[in-house]
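> Data: query-v1.txt, compact mmCIF, C-alpha atoms.
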```txt
# COMPACT_ATOMS: atom_id res chain seq x y z
CA MET A 21 -1.46 -20.37 -3.71
CA LYS A 22 1.57 -19.84 -1.53
CA ILE A 23 3.79 -20.08 -4.58
CA PHE A 24 2.01 -16.96 -5.81
CA SER A 25 2.47 -14.97 -2.64
CA SER A 26 6.14 -16.02 -2.61
CA PHE A 27 6.46 -14.62 -6.12
CA ILE A 28 4.82 -11.32 -5.18
CA LEU A 29 6.70 -10.78 -1.91
CA VAL A 30 10.22 -11.66 -3.09
CA GLY A 31 9.59 -9.75 -6.30
CA LEU A 32 8.41 -6.74 -4.31
CA ILE A 33 11.57 -6.72 -2.18
CA CYS A 34 13.74 -6.77 -5.33
CA PHE A 35 11.52 -4.07 -6.89
CA ILE A 36 12.04 -1.74 -3.90
CA ALA A 37 15.80 -2.38 -3.96
CA SER A 38 15.97 -1.50 -7.63
CA LEU A 39 13.97 1.69 -7.08
CA ILE A 40 16.30 2.76 -4.25
CA TYR A 41 19.34 2.05 -6.42
CA ASP A 42 18.09 4.08 -9.36
CA THR A 43 16.78 7.08 -7.43
CA THR A 44 19.59 7.60 -4.89
CA LYS A 45 23.37 7.47 -5.00
CA TRP A 46 23.58 4.31 -2.90
CA THR A 47 25.58 1.31 -4.08
CA SER A 48 24.29 -2.25 -3.89
CA GLY A 49 26.40 -2.71 -0.73
CA HIS A 50 24.43 0.05 1.01
CA ILE A 51 21.14 -1.49 -0.06
CA THR A 52 21.90 -5.06 1.03
CA SER A 53 23.13 -3.75 4.41
CA LEU A 54 19.94 -1.71 4.78
CA PHE A 55 17.80 -4.72 3.92
CA VAL A 56 19.52 -6.93 6.50
CA VAL A 57 18.78 -4.35 9.19
CA VAL A 58 15.20 -4.04 7.92
CA GLY A 59 14.86 -7.83 8.14
CA ALA A 60 16.08 -7.80 11.75
CA PHE A 61 13.60 -5.01 12.51
CA LEU A 62 10.71 -6.90 10.90
CA GLY A 63 11.67 -9.90 13.02
CA PHE A 64 11.74 -7.64 16.06
CA ILE A 65 8.18 -6.41 15.55
CA GLY A 66 7.03 -9.94 14.72
CA VAL A 67 6.01 -9.32 11.11
CA TYR A 68 8.54 -11.63 9.49
CA ASP A 69 7.40 -14.81 11.20
CA LEU A 70 3.81 -13.99 10.34
CA LEU A 71 4.71 -13.48 6.67
CA LEU A 72 6.73 -16.71 6.59
CA LYS A 73 3.78 -18.61 7.97
CA LYS A 74 1.18 -17.05 5.68
CA CYS A 75 3.11 -16.54 2.47
CA GLY A 76 5.28 -19.60 2.02
CA TYR A 77 8.96 -20.43 2.18
CA GLY A 78 10.00 -18.04 -0.59
CA LEU A 79 10.64 -15.33 1.97
CA SER A 80 13.63 -17.31 3.33
CA LEU A 81 15.47 -16.46 0.12
CA PRO A 82 16.09 -12.68 0.15
CA ILE A 83 18.79 -11.14 2.31
CA THR A 84 16.17 -9.76 4.73
CA SER A 85 15.75 -13.32 6.02
CA PHE A 86 19.41 -13.20 7.10
CA GLY A 87 18.66 -10.35 9.50
CA ASN A 88 15.55 -12.06 10.79
CA LEU A 89 17.44 -15.30 11.50
CA LEU A 90 20.26 -13.43 13.26
CA TYR A 91 17.74 -11.66 15.48
CA LYS A 92 15.85 -14.86 16.24
CA SER A 93 18.93 -16.88 17.16
CA ALA A 94 20.27 -14.04 19.35
CA LEU A 95 16.93 -13.90 21.18
CA ASP A 96 16.89 -17.68 21.51
CA GLY A 97 20.38 -17.60 23.03
CA ILE A 98 19.41 -14.93 25.55
CA GLU A 99 16.42 -16.98 26.67
CA LYS A 100 18.56 -20.11 27.10
CA TYR A 101 21.85 -18.83 28.54
CA GLY A 102 21.31 -15.22 29.60
CA LEU A 103 22.97 -12.23 27.97
CA ILE A 104 26.09 -14.18 26.93
CA GLY A 105 23.83 -16.48 24.91
CA ALA A 106 23.25 -13.72 22.35
CA PHE A 107 26.88 -14.09 21.32
CA LYS A 108 26.96 -17.85 21.75
CA ASN A 109 23.99 -18.51 19.46
CA LEU A 110 24.13 -15.57 17.03
CA TYR A 111 25.27 -17.46 13.93
CA ILE A 112 23.58 -20.80 14.62
CA SER A 113 20.82 -20.63 12.03
CA THR A 114 22.75 -18.66 9.41
CA SER A 115 25.80 -20.91 9.72
CA LEU A 116 24.81 -22.99 6.69
CA GLY A 117 24.69 -19.95 4.41
CA ILE A 118 27.90 -18.32 5.64
CA SER A 119 30.09 -21.41 5.88
CA SER A 120 28.98 -22.97 2.60
CA THR A 121 29.63 -19.65 0.87
CA ILE A 122 33.13 -19.38 2.32
CA VAL A 123 34.24 -22.97 1.73
CA LEU A 124 32.73 -23.42 -1.74
CA SER A 125 34.06 -20.04 -2.88
CA PHE A 126 37.54 -21.09 -1.83
CA PHE A 127 37.37 -24.31 -3.82
CA ILE A 128 35.96 -22.61 -6.90
CA THR A 129 38.84 -20.11 -6.71
CA ALA A 130 41.30 -23.00 -6.75
CA PHE A 131 39.82 -24.32 -10.01
CA CYS A 132 38.81 -21.18 -11.90
CA ASN A 133 40.61 -18.06 -13.02
CA PRO A 134 39.02 -14.63 -13.35
CA LYS A 135 37.69 -13.83 -16.80
CA ASP A 136 38.48 -10.38 -18.11
CA MET B 17 12.03 25.05 -27.82
CA LYS B 18 15.80 25.33 -27.48
CA LYS B 19 17.98 22.34 -28.21
CA GLU B 20 19.30 22.08 -24.65
CA GLU B 21 15.81 22.07 -23.19
CA TYR B 22 14.76 19.37 -25.59
CA LEU B 23 17.77 17.20 -24.74
CA LYS B 24 17.12 17.66 -21.03
CA LEU B 25 13.49 16.65 -21.46
CA VAL B 26 14.36 13.56 -23.50
CA LYS B 27 17.02 12.54 -21.00
CA GLY B 28 14.56 12.87 -18.12
CA LYS B 29 11.94 10.74 -19.87
CA ASP B 30 14.53 8.15 -20.80
CA LYS B 31 15.76 7.84 -17.22
CA GLU B 32 12.23 7.47 -15.89
CA LYS B 33 11.55 4.64 -18.30
CA ASN B 34 14.79 2.90 -17.36
CA ILE B 35 14.04 3.09 -13.63
CA LEU B 36 10.67 1.41 -14.13
CA LYS B 37 12.09 -1.15 -16.55
CA ASN B 38 14.93 -2.11 -14.20
CA ALA B 39 12.54 -2.38 -11.28
CA LEU B 40 10.13 -4.59 -13.25
CA ILE B 41 12.93 -6.89 -14.40
CA SER B 42 14.12 -7.19 -10.79
CA PHE B 43 10.54 -7.93 -9.70
CA LEU B 44 10.10 -10.72 -12.23
CA ILE B 45 13.47 -12.41 -11.68
CA GLY B 46 13.31 -12.10 -7.89
CA GLY B 47 9.76 -13.40 -7.87
CA LEU B 48 10.68 -16.32 -10.11
CA LEU B 49 13.57 -17.31 -7.82
CA GLY B 50 11.29 -16.96 -4.80
CA SER B 51 8.56 -19.18 -6.23
CA ILE B 52 11.05 -21.85 -7.33
CA PHE B 53 12.48 -21.73 -3.82
CA HIS B 54 9.02 -22.24 -2.35
CA LEU B 55 8.27 -25.12 -4.72
CA LEU B 56 11.52 -26.99 -3.97
CA THR B 57 11.16 -26.54 -0.22
CA TYR B 58 7.51 -27.64 -0.39
CA ILE B 59 8.50 -30.82 -2.26
CA LEU B 60 11.28 -31.61 0.24
CA VAL B 61 9.01 -31.05 3.24
CA ASN B 62 6.19 -33.17 1.87
CA THR B 63 8.07 -36.05 0.28
CA CYS B 64 11.07 -36.48 2.58
CA ASN B 65 9.40 -35.52 5.88
CA MET B 66 11.99 -32.88 6.68
CA SER B 67 11.46 -30.02 9.08
CA SER B 68 10.79 -26.80 7.18
CA SER B 69 13.93 -25.04 8.43
CA PHE B 70 16.17 -27.92 7.35
CA ALA B 71 14.51 -28.10 3.93
CA CYS B 72 14.99 -24.33 3.54
CA GLY B 73 18.66 -24.82 4.40
CA ILE B 74 19.09 -27.48 1.74
CA VAL B 75 17.48 -25.35 -0.97
CA LEU B 76 19.56 -22.33 0.11
CA PHE B 77 22.63 -24.54 -0.23
CA ILE B 78 21.60 -25.46 -3.78
CA TYR B 79 21.13 -21.78 -4.69
CA ILE B 80 24.49 -20.83 -3.17
CA THR B 81 26.30 -23.67 -4.95
CA LEU B 82 24.79 -22.73 -8.31
CA ALA B 83 25.62 -19.05 -7.83
CA ILE B 84 29.24 -19.81 -6.91
CA ILE B 85 29.78 -22.24 -9.79
CA LEU B 86 28.29 -19.77 -12.28
CA THR B 87 30.48 -17.02 -10.81
CA GLY B 88 33.55 -19.21 -11.25
CA MET B 89 32.62 -19.80 -14.89
CA GLY B 90 32.21 -16.05 -15.42
CA ILE B 91 28.51 -16.29 -16.32
CA PHE B 92 27.03 -14.77 -13.19
CA ASP B 93 28.57 -11.32 -13.75
CA LYS B 94 26.76 -11.06 -17.08
CA LEU B 95 23.51 -12.27 -15.50
CA ILE B 96 23.83 -9.66 -12.73
CA SER B 97 24.40 -6.82 -15.16
CA LYS B 98 21.27 -7.95 -17.01
CA TYR B 99 18.89 -8.77 -14.15
CA LYS B 100 20.45 -6.59 -11.40
CA PHE B 101 18.58 -6.68 -8.11
CA GLY B 102 16.58 -9.77 -8.94
CA LEU B 103 19.84 -11.63 -8.32
CA ILE B 104 21.56 -9.34 -5.80
CA ILE B 105 18.86 -9.29 -3.11
CA PRO B 106 18.38 -13.10 -2.87
CA ILE B 107 21.13 -15.10 -1.15
CA THR B 108 22.78 -15.61 -4.57
CA GLY B 109 24.05 -12.02 -4.39
CA PHE B 110 25.78 -12.71 -1.08
CA ALA B 111 27.46 -15.83 -2.49
CA HIS B 112 28.43 -13.99 -5.65
CA SER B 113 30.04 -11.11 -3.76
CA VAL B 114 32.31 -13.46 -1.79
CA ALA B 115 33.21 -15.65 -4.78
CA SER B 116 33.92 -12.72 -7.10
CA CYS B 117 36.17 -11.04 -4.50
CA LEU B 118 38.13 -14.29 -4.15
CA LEU B 119 38.55 -14.67 -7.90
CA GLU B 120 39.53 -11.04 -8.35
CA TYR B 121 42.28 -11.09 -5.72
CA LYS B 122 43.61 -14.56 -6.58
CA ARG B 123 46.69 -13.13 -8.28
CA ASP B 124 47.74 -11.31 -5.09
CA GLY B 125 48.37 -14.62 -3.32
CA PHE B 126 46.52 -16.74 -0.84
CA ILE B 127 47.04 -14.72 2.36
CA THR B 128 47.29 -11.08 1.37
CA GLY B 129 45.08 -11.62 -1.68
CA ILE B 130 42.08 -13.83 -1.12
CA GLY B 131 42.36 -14.19 2.66
CA ALA B 132 42.42 -10.47 3.32
CA ASN B 133 39.81 -9.48 0.75
CA MET B 134 37.14 -12.17 0.81
CA PHE B 135 34.63 -10.18 2.89
CA LYS B 136 35.15 -6.90 1.09
CA LEU B 137 31.47 -6.64 0.09
CA ALA B 138 29.76 -9.30 2.18
CA GLY B 139 31.44 -8.01 5.34
CA SER B 140 29.03 -5.10 5.69
CA VAL B 141 26.06 -7.48 5.51
CA ILE B 142 27.44 -9.66 8.30
CA LEU B 143 28.56 -6.66 10.39
CA TYR B 144 25.28 -4.73 10.33
CA GLY B 145 23.20 -7.90 10.52
CA SER B 146 25.03 -8.97 13.68
CA VAL B 147 24.88 -5.54 15.31
CA ALA B 148 21.19 -5.14 14.51
CA GLY B 149 20.33 -8.71 15.52
CA VAL B 150 21.99 -8.49 18.94
CA SER B 151 20.67 -4.98 19.64
CA PHE B 152 17.10 -5.84 18.71
CA ALA B 153 17.24 -9.07 20.72
CA ILE B 154 18.44 -7.20 23.82
CA LEU B 155 15.78 -4.54 23.23
CA ARG B 156 13.11 -7.24 23.00
CA VAL B 157 14.24 -8.76 26.30
CA ILE B 158 14.17 -5.33 27.97
CA ILE B 159 10.67 -4.63 26.62
CA ASN B 160 9.33 -8.01 27.69
CA GLY B 161 10.93 -7.55 31.10
```
Would you mind giving the structure from this file in structure tokens?


Amino acid sequence: MKIFSSFILVGLICFIASLIYDTTKWTSGHITSLFVVVGAFLGFIGVYDLLLKKCGYGLSLPITSFGNLLYKSALDGIEKYGLIGAFKNLYISTSLGISSTIVLSFFITAFCNPKD
Amino acid sequence: MKKEEYLKLVKGKDKEKNILKNALISFLIGGLLGSIFHLLTYILVNTCNMSSSFACGIVLFIYITLAIILTGMGIFDKLISKYKFGLIIPITGFAHSVASCLLEYKRDGFITGIGANMFKLAGSVILYGSVAGVSFAILRVIING
């Protein structure tokens, strides 16, 4: 059943993004930035964790999850180390996504050339 | 009815249809990726006894690797122009934006080309995510006292 709710929720997020893109003058950069902030806000009001628990892992896929993870690790750091911990722990749980993107992109650039 | 009015009307209808069509395509592709993600993570958690966050990380890594390899082969750009936000909103879009910037600026050299331009698009995601994350975390601590 959770596979179904994952389908609906992730699909819905993409649906909203597409609607925003087609009805306003925003670029995809604007929309992804907005969605990261929305994800952090949903984490802040506690909705995101609830959705993750009820609706399956699929919700870790869209970019909103990035904001939620950043918020959660910052909060975790503050609880452990005080205010400085927000900066110490900020990228802990998103590190896998960011660093694998950077390193793998570099290696693919070494092997491939842009297609025109 | 004048010709201009007619053209305007047709154009309006056409645009409306396209908006709905694009949104539905995004819904289907995004949903498909999401349910595959759930399935893979579920299998990893239940067969290999991993913690759910680690299993999520592994599946994210698979998605990112696929997106970057397809970008390098020049396939992902075509897929994005076809399926749009179904691929941009999941983490694949983030990986694609970094990899495509690197490929595009390769001819400008390693430092001033790819080094200086790699976060051209993904930078805003990291910037606003970090600012929002830290601000909301501090706000939460203030609220909780």

> Identify every residue of chain B that has at least one atom within 6 Å of any atom of chain A, counting only C-alpha atoms, and report the result as a PDB file with C-alpha atoms, in the frame of the given file.


```pdb
ATOM      1  CA  ILE B  35      14.040   3.090 -13.630  1.00  0.00           C
ATOM      2  CA  ALA B  39      12.540  -2.380 -11.280  1.00  0.00           C
ATOM      3  CA  SER B  42      14.120  -7.190 -10.790  1.00  0.00           C
ATOM      4  CA  PHE B  43      10.540  -7.930  -9.700  1.00  0.00           C
ATOM      5  CA  GLY B  46      13.310 -12.100  -7.890  1.00  0.00           C
ATOM      6  CA  GLY B  47       9.760 -13.400  -7.870  1.00  0.00           C
ATOM      7  CA  GLY B  50      11.290 -16.960  -4.800  1.00  0.00           C
ATOM      8  CA  SER B  51       8.560 -19.180  -6.230  1.00  0.00           C
ATOM      9  CA  PHE B  53      12.480 -21.730  -3.820  1.00  0.00           C
ATOM     10  CA  HIS B  54       9.020 -22.240  -2.350  1.00  0.00           C
ATOM     11  CA  GLY B  88      33.550 -19.210 -11.250  1.00  0.00           C
ATOM     12  CA  PHE B 101      18.580  -6.680  -8.110  1.00  0.00           C
ATOM     13  CA  GLY B 102      16.580  -9.770  -8.940  1.00  0.00           C
ATOM     14  CA  ILE B 105      18.860  -9.290  -3.110  1.00  0.00           C
ATOM     15  CA  PRO B 106      18.380 -13.100  -2.870  1.00  0.00           C
ATOM     16  CA  ILE B 107      21.130 -15.100  -1.150  1.00  0.00           C
ATOM     17  CA  ALA B 111      27.460 -15.830  -2.490  1.00  0.00           C
ATOM     18  CA  ALA B 115      33.210 -15.650  -4.780  1.00  0.00           C
ATOM     19  CA  LEU B 119      38.550 -14.670  -7.900  1.00  0.00           C
ATOM     20  CA  VAL B 141      26.060  -7.480   5.510  1.00  0.00           C
ATOM     21  CA  GLY B 145      23.200  -7.900  10.520  1.00  0.00           C
ATOM     22  CA  ALA B 148      21.190  -5.140  14.510  1.00  0.00           C
ATOM     23  CA  GLY B 149      20.330  -8.710  15.520  1.00  0.00           C
ATOM     24  CA  VAL B 150      21.990  -8.490  18.940  1.00  0.00           C
ATOM     25  CA  ALA B 153      17.240  -9.070  20.720  1.00  0.00           C
TER      26      ALA B 153
END
```

> Return the single residue from B:Asn65, B:Thr87, B:Asn34, B:Asn160 that is closest to Gly109 in chain B, with distances computed using only C-alpha atoms.

B:Thr87

> Suppose you want the space between CA of Ile74 in chain B and CA of Asn109 in chain A; what is it in Å?

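CA of Asn109 in chain A lies 20.5 Å from CA of Ile74 in chain B.
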
> Rounded to one decimal in Å, what is the spacing between CA of Lys100 in chain A and CA of Leu155 in chain B?

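These atoms are spaced 16.3 Å apart.
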
> One decimal, Å: what's the distance from CA of Ile104 in chain B over to CA of Leu44 in chain B, could you say?

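These atoms are spaced 13.2 Å apart.
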
> Measuring atom to atom with all atoms listed in the file, identify which of B:Tyr144, B:Phe70, B:Tyr99, B:Phe92 is nearest to Ser113 in chain B.

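Among the listed residues, B:Phe92 lies closest to Ser113 in chain B.
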
> So for range 113-128 of chain B, what box centre and size do we get, axis-aligned, 6 Å extra on each of the six sides, every listed atom, Å to one decimal, as AutoDock Vina command-line options?


```
--center_x 39.2 --center_y -13.9 --center_z -3.0 --size_x 30.3 --size_y 17.7 --size_z 22.7
```

> Just want the 8 Å neighbourhood of Tyr79 in chain B, counted on only C-alpha atoms, with same-chain residues fewer than 3 positions away dropped. Output as JSON, numbers by chain.

{"B": [75, 76, 82, 83, 107, 108]}

> Write out the residues from the selection above, keeping C-alpha atoms, as a compact mmCIF listing (two decimals), keeping the file's coordinate frame.


```txt
# COMPACT_ATOMS: atom_id res chain seq x y z
CA VAL B 75 17.48 -25.35 -0.97
CA LEU B 76 19.56 -22.33 0.11
CA LEU B 82 24.79 -22.73 -8.31
CA ALA B 83 25.62 -19.05 -7.83
CA ILE B 107 21.13 -15.10 -1.15
CA THR B 108 22.78 -15.61 -4.57
```

> May I have the residues within 7 Å of Met134 in chain B as a ChimeraX atom specification, using all atoms listed in the file and disregarding those fewer than 5 positions away in the same chain?

/B:114,117-118
